[in-house]
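Down below is the structure, laid out as structure tokens.
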Amino acid sequence: DKEACVQRKLEVVFDAFCRKHPTYMSAFEFGDLCRKIAVPLCMGDIFLQFSYVPGGVEGRGVDFSGFLRLVTQVGEQLQMEEEDVFSFFAKAVEILDTDTTMITQLKMRLRRSAATVTGANWHEFFEGTQKKRRGSVDWDGFLNMCRTNLHMDDKENHLRILFDNIDKNGDDSVSMHEIAACIDSD
């Protein structure tokens, strides 16, 4: 469903730009996001929006629901429909995909976790899992493997971005071979 996809992407964008505090976005972080996706607002406009937030510009910032309200206000200011402005901000995920730092870090943690489980050779984990699972896993299977077998505690939406990165054909299914190849690609 398109709305859920946009919501998930907005969550990833929010998480990625919350650098100072993991669950709050400051005015400066929101300004950075706006600059990166070319929102035609100046920092003065952003500071004005944040002046209505408890603590103001210098406060802790906004949580995710506050972020959504800010995006809605930006849409009103730019005379955009709510659905359009949410989709516009959700496209910032593409910036994160091209800035491969997060994906590279997740791949490294996936490799390390697999090596820990197998005792050094991380390829063995995926080869063994390939045989047990008869080839491929869907999103739920991938998440379960990361949580249960590999004991990864990364944010679910970050793991979803990694899964989508591995799932090149978009069929919501990846093979253990594709996962291993993705990890090897760096």
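Ordering of the structure tokens sets the chain letters (A, B, ...), residue numbers begin anew at 1 in every chain, and ligands are numbered from 1 in the order given.
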
Please produce, as CSV, a per-residue contact table for segment 77-145 of chain A versus segment 175-184 of chain A (criterion: any atom at most 9 Å away, only C-alpha atoms considered), showing the nearest atom pair and its distance in Å to one decimal, sorted by chain then residue number.
```
residue,atom,partner,partner_atom,distance
A:Thr104,CA,A:Ile183,CA,8.4
A:Lys107,CA,A:Ile183,CA,5.4
A:Met108,CA,A:Ile183,CA,7.4
A:Leu110,CA,A:Ile183,CA,7.8
A:Arg111,CA,A:Ile183,CA,6.9
A:Trp122,CA,A:Ala180,CA,8.8
A:His123,CA,A:Ala180,CA,6.9
A:Phe126,CA,A:Met176,CA,5.4
A:Glu127,CA,A:Met176,CA,7.0
A:Thr129,CA,A:Met176,CA,7.0
A:Gln130,CA,A:Met176,CA,5.4
A:Arg133,CA,A:Met176,CA,8.9
A:Arg134,CA,A:Ser175,CA,8.9
A:Gly135,CA,A:Ser175,CA,5.4
A:Ser136,CA,A:Ser175,CA,3.9
A:Val137,CA,A:Ser175,CA,6.3
A:Asp138,CA,A:Ser175,CA,8.8
```

Contacts of segment 151-167 of chain A at 9 Å (only C-alpha atoms; same-chain gap of 5+ positions) as JSON, numbers by chain: {"A": [8, 9, 11, 12, 15, 93, 97, 102, 103, 106, 107, 109, 110, 113, 139, 142, 143, 145, 146, 172, 173, 174, 175, 178, 179, 181, 182]}

For Phe28 of chain A, please output as a ChimeraX atom specification all residues within 12 Å (counting only C-alpha atoms; exclusion window: fewer than 4 positions along the same chain). /A:17-20,24,32-35,42-47,49-50,56-62

So which one's closest to Val85 of chain A, A:Leu68, A:Lys168, A:Asn149, A:Pro22? Using only C-alpha atoms, please. A:Leu68

Using Å and a single decimal, report how far atom CA of Gly170 of chain A sits from atom CA of Lys36 of chain A. 26.5 Å

All alpha helix (DSSP H) residues (DSSP, backbone) inside chain A, as number ranges by chain: A: 2-17, 27-36, 43-50, 64-77, 82-90, 92-98, 101-118, 122-133, 139-144, 156-166, 176-184

Test item, strand (DSSP E) assignment across segment 69-182 of chain A, answer as a ChimeraX atom specification: /A:136-138,173-175

I want to know what sits within 12 Å of Val71 of chain A, based on only C-alpha atoms, with residues of the same chain fewer than 6 positions away left out; could you give that as a PDB file with N, CA, C and O atoms, in the first residue's frame?
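Full text of around-v5.pdb as output:
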```pdb
ATOM      1  N   LEU A  10       9.348   7.838   5.365  1.00  0.00           N
ATOM      2  CA  LEU A  10       9.458   9.011   6.231  1.00  0.00           C
ATOM      3  C   LEU A  10      10.108   8.652   7.557  1.00  0.00           C
ATOM      4  O   LEU A  10      10.894   9.434   8.101  1.00  0.00           O
ATOM      5  N   PHE A  14      13.452  10.344   8.903  1.00  0.00           N
ATOM      6  CA  PHE A  14      13.470  10.944  10.237  1.00  0.00           C
ATOM      7  C   PHE A  14      14.629  10.368  11.057  1.00  0.00           C
ATOM      8  O   PHE A  14      15.430  11.106  11.625  1.00  0.00           O
ATOM      9  N   PHE A  30      16.414  19.495  10.650  1.00  0.00           N
ATOM     10  CA  PHE A  30      15.320  19.661   9.684  1.00  0.00           C
ATOM     11  C   PHE A  30      15.777  20.560   8.536  1.00  0.00           C
ATOM     12  O   PHE A  30      15.478  20.294   7.373  1.00  0.00           O
ATOM     13  N   GLY A  31      16.519  21.598   8.870  1.00  0.00           N
ATOM     14  CA  GLY A  31      17.063  22.485   7.839  1.00  0.00           C
ATOM     15  C   GLY A  31      18.009  21.748   6.912  1.00  0.00           C
ATOM     16  O   GLY A  31      17.989  21.954   5.687  1.00  0.00           O
ATOM     17  N   LEU A  33      17.926  18.537   6.203  1.00  0.00           N
ATOM     18  CA  LEU A  33      17.076  17.698   5.357  1.00  0.00           C
ATOM     19  C   LEU A  33      16.464  18.534   4.235  1.00  0.00           C
ATOM     20  O   LEU A  33      16.505  18.131   3.065  1.00  0.00           O
ATOM     21  N   CYS A  34      15.921  19.686   4.561  1.00  0.00           N
ATOM     22  CA  CYS A  34      15.298  20.552   3.553  1.00  0.00           C
ATOM     23  C   CYS A  34      16.300  20.976   2.483  1.00  0.00           C
ATOM     24  O   CYS A  34      15.978  20.985   1.287  1.00  0.00           O
ATOM     25  N   VAL A  39      14.129  21.791  -0.722  1.00  0.00           N
ATOM     26  CA  VAL A  39      12.881  22.447  -0.333  1.00  0.00           C
ATOM     27  C   VAL A  39      13.164  23.955  -0.334  1.00  0.00           C
ATOM     28  O   VAL A  39      14.117  24.399   0.304  1.00  0.00           O
ATOM     29  N   LEU A  41      12.937  26.624   1.222  1.00  0.00           N
ATOM     30  CA  LEU A  41      12.738  27.346   2.480  1.00  0.00           C
ATOM     31  C   LEU A  41      14.094  27.817   2.982  1.00  0.00           C
ATOM     32  O   LEU A  41      15.094  27.114   2.843  1.00  0.00           O
ATOM     33  N   ILE A  46      12.328  27.987   8.709  1.00  0.00           N
ATOM     34  CA  ILE A  46      12.390  26.794   9.563  1.00  0.00           C
ATOM     35  C   ILE A  46      12.401  27.201  11.034  1.00  0.00           C
ATOM     36  O   ILE A  46      11.700  26.609  11.857  1.00  0.00           O
ATOM     37  N   GLN A  49       8.955  28.036  12.087  1.00  0.00           N
ATOM     38  CA  GLN A  49       8.165  26.821  12.346  1.00  0.00           C
ATOM     39  C   GLN A  49       8.515  26.236  13.718  1.00  0.00           C
ATOM     40  O   GLN A  49       7.639  25.812  14.466  1.00  0.00           O
ATOM     41  N   PHE A  50       9.799  26.211  14.046  1.00  0.00           N
ATOM     42  CA  PHE A  50      10.248  25.634  15.310  1.00  0.00           C
ATOM     43  C   PHE A  50       9.969  26.548  16.502  1.00  0.00           C
ATOM     44  O   PHE A  50      10.020  26.105  17.642  1.00  0.00           O
ATOM     45  N   VAL A  62      11.644  17.954  17.542  1.00  0.00           N
ATOM     46  CA  VAL A  62      10.339  17.314  17.394  1.00  0.00           C
ATOM     47  C   VAL A  62      10.502  15.802  17.291  1.00  0.00           C
ATOM     48  O   VAL A  62      11.483  15.314  16.740  1.00  0.00           O
ATOM     49  N   PHE A  64       8.654  12.068  15.974  1.00  0.00           N
ATOM     50  CA  PHE A  64       8.185  11.731  14.640  1.00  0.00           C
ATOM     51  C   PHE A  64       6.832  12.363  14.317  1.00  0.00           C
ATOM     52  O   PHE A  64       6.639  12.896  13.226  1.00  0.00           O
ATOM     53  N   SER A  65       5.899  12.356  15.276  1.00  0.00           N
ATOM     54  CA  SER A  65       4.590  12.965  14.993  1.00  0.00           C
ATOM     55  C   SER A  65       4.734  14.474  14.799  1.00  0.00           C
ATOM     56  O   SER A  65       4.054  15.065  13.952  1.00  0.00           O
ATOM     57  N   GLN A  77       2.717  25.892   3.406  1.00  0.00           N
ATOM     58  CA  GLN A  77       3.472  27.087   3.053  1.00  0.00           C
ATOM     59  C   GLN A  77       3.840  27.086   1.566  1.00  0.00           C
ATOM     60  O   GLN A  77       3.854  28.134   0.925  1.00  0.00           O
ATOM     61  N   LEU A  78       4.130  25.902   1.032  1.00  0.00           N
ATOM     62  CA  LEU A  78       4.517  25.787  -0.376  1.00  0.00           C
ATOM     63  C   LEU A  78       3.325  25.500  -1.287  1.00  0.00           C
ATOM     64  O   LEU A  78       3.499  25.248  -2.472  1.00  0.00           O
ATOM     65  N   GLN A  79       2.127  25.498  -0.699  1.00  0.00           N
ATOM     66  CA  GLN A  79       0.879  25.241  -1.420  1.00  0.00           C
ATOM     67  C   GLN A  79       0.898  23.875  -2.124  1.00  0.00           C
ATOM     68  O   GLN A  79       0.556  23.750  -3.287  1.00  0.00           O
ATOM     69  N   MET A  80       1.320  22.870  -1.357  1.00  0.00           N
ATOM     70  CA  MET A  80       1.337  21.488  -1.861  1.00  0.00           C
ATOM     71  C   MET A  80       0.275  20.691  -1.114  1.00  0.00           C
ATOM     72  O   MET A  80       0.025  20.951   0.067  1.00  0.00           O
ATOM     73  N   GLU A  81      -0.317  19.727  -1.778  1.00  0.00           N
ATOM     74  CA  GLU A  81      -1.255  18.820  -1.129  1.00  0.00           C
ATOM     75  C   GLU A  81      -0.479  17.966  -0.123  1.00  0.00           C
ATOM     76  O   GLU A  81       0.707  17.684  -0.311  1.00  0.00           O
ATOM     77  N   GLU A  82      -1.152  17.543   0.955  1.00  0.00           N
ATOM     78  CA  GLU A  82      -0.493  16.768   2.003  1.00  0.00           C
ATOM     79  C   GLU A  82       0.163  15.513   1.440  1.00  0.00           C
ATOM     80  O   GLU A  82       1.315  15.207   1.764  1.00  0.00           O
ATOM     81  N   GLU A  83      -0.544  14.792   0.595  1.00  0.00           N
ATOM     82  CA  GLU A  83       0.010  13.565   0.014  1.00  0.00           C
ATOM     83  C   GLU A  83       1.274  13.853  -0.796  1.00  0.00           C
ATOM     84  O   GLU A  83       2.247  13.110  -0.741  1.00  0.00           O
ATOM     85  N   ASP A  84       1.276  14.962  -1.532  1.00  0.00           N
ATOM     86  CA  ASP A  84       2.424  15.326  -2.360  1.00  0.00           C
ATOM     87  C   ASP A  84       3.633  15.706  -1.515  1.00  0.00           C
ATOM     88  O   ASP A  84       4.760  15.320  -1.828  1.00  0.00           O
ATOM     89  N   VAL A  85       3.410  16.472  -0.455  1.00  0.00           N
ATOM     90  CA  VAL A  85       4.537  16.896   0.367  1.00  0.00           C
ATOM     91  C   VAL A  85       5.135  15.709   1.125  1.00  0.00           C
ATOM     92  O   VAL A  85       6.345  15.590   1.269  1.00  0.00           O
ATOM     93  N   PHE A  86       4.289  14.781   1.584  1.00  0.00           N
ATOM     94  CA  PHE A  86       4.805  13.577   2.251  1.00  0.00           C
ATOM     95  C   PHE A  86       5.626  12.737   1.276  1.00  0.00           C
ATOM     96  O   PHE A  86       6.704  12.254   1.618  1.00  0.00           O
ATOM     97  N   SER A  87       5.146  12.582   0.050  1.00  0.00           N
ATOM     98  CA  SER A  87       5.895  11.825  -0.957  1.00  0.00           C
ATOM     99  C   SER A  87       7.211  12.525  -1.282  1.00  0.00           C
ATOM    100  O   SER A  87       8.241  11.870  -1.474  1.00  0.00           O
ATOM    101  N   PHE A  88       7.176  13.852  -1.343  1.00  0.00           N
ATOM    102  CA  PHE A  88       8.384  14.627  -1.631  1.00  0.00           C
ATOM    103  C   PHE A  88       9.445  14.398  -0.558  1.00  0.00           C
ATOM    104  O   PHE A  88      10.601  14.122  -0.871  1.00  0.00           O
ATOM    105  N   PHE A  89       9.050  14.478   0.708  1.00  0.00           N
ATOM    106  CA  PHE A  89       9.998  14.247   1.802  1.00  0.00           C
ATOM    107  C   PHE A  89      10.428  12.784   1.855  1.00  0.00           C
ATOM    108  O   PHE A  89      11.565  12.486   2.204  1.00  0.00           O
ATOM    109  N   ALA A  90       9.520  11.861   1.520  1.00  0.00           N
ATOM    110  CA  ALA A  90       9.861  10.435   1.533  1.00  0.00           C
ATOM    111  C   ALA A  90      10.928  10.114   0.492  1.00  0.00           C
ATOM    112  O   ALA A  90      11.720   9.184   0.674  1.00  0.00           O
TER     113      ALA A  90
END
```

Just the residues within 10 Å of Gly66 of chain A, please, counting only C-alpha atoms, with nothing from its chain fewer than 6 positions along; format it as a PDB file with N, CA, C and O atoms, in the first residue's frame.
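Listing of around.pdb after writing:
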```pdb
ATOM      1  N   TYR A  24      14.499  12.635  18.301  1.00  0.00           N
ATOM      2  CA  TYR A  24      14.064  14.017  18.106  1.00  0.00           C
ATOM      3  C   TYR A  24      14.888  14.672  17.006  1.00  0.00           C
ATOM      4  O   TYR A  24      16.100  14.484  16.938  1.00  0.00           O
ATOM      5  N   MET A  25      14.214  15.461  16.178  1.00  0.00           N
ATOM      6  CA  MET A  25      14.887  16.194  15.112  1.00  0.00           C
ATOM      7  C   MET A  25      14.920  17.671  15.472  1.00  0.00           C
ATOM      8  O   MET A  25      13.878  18.270  15.745  1.00  0.00           O
ATOM      9  N   VAL A  53       7.323  25.113  18.562  1.00  0.00           N
ATOM     10  CA  VAL A  53       7.613  23.817  19.188  1.00  0.00           C
ATOM     11  C   VAL A  53       8.079  24.073  20.616  1.00  0.00           C
ATOM     12  O   VAL A  53       8.862  25.006  20.846  1.00  0.00           O
ATOM     13  N   THR A  72       3.683  18.776   7.099  1.00  0.00           N
ATOM     14  CA  THR A  72       2.367  19.262   6.672  1.00  0.00           C
ATOM     15  C   THR A  72       2.378  20.791   6.574  1.00  0.00           C
ATOM     16  O   THR A  72       1.875  21.363   5.601  1.00  0.00           O
TER      17      THR A  72
END
```

Atom CA of Tyr52 of chain A sits from atom CA of Phe67 of chain A at a separation of 12.6 Å

In Å, how far is it from atom CA of Leu48 of chain A to atom CA of Ala27 of chain A?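 Computed distance, atom CA of Leu48 of chain A to atom CA of Ala27 of chain A, equals 9.6 Å.
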
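Among the candidates A:Ile37, A:Asp63, A:Pro54, A:Glu124, the residue lying nearest to His21 of chain A is A:Asp63 (atoms considered: only C-alpha atoms).
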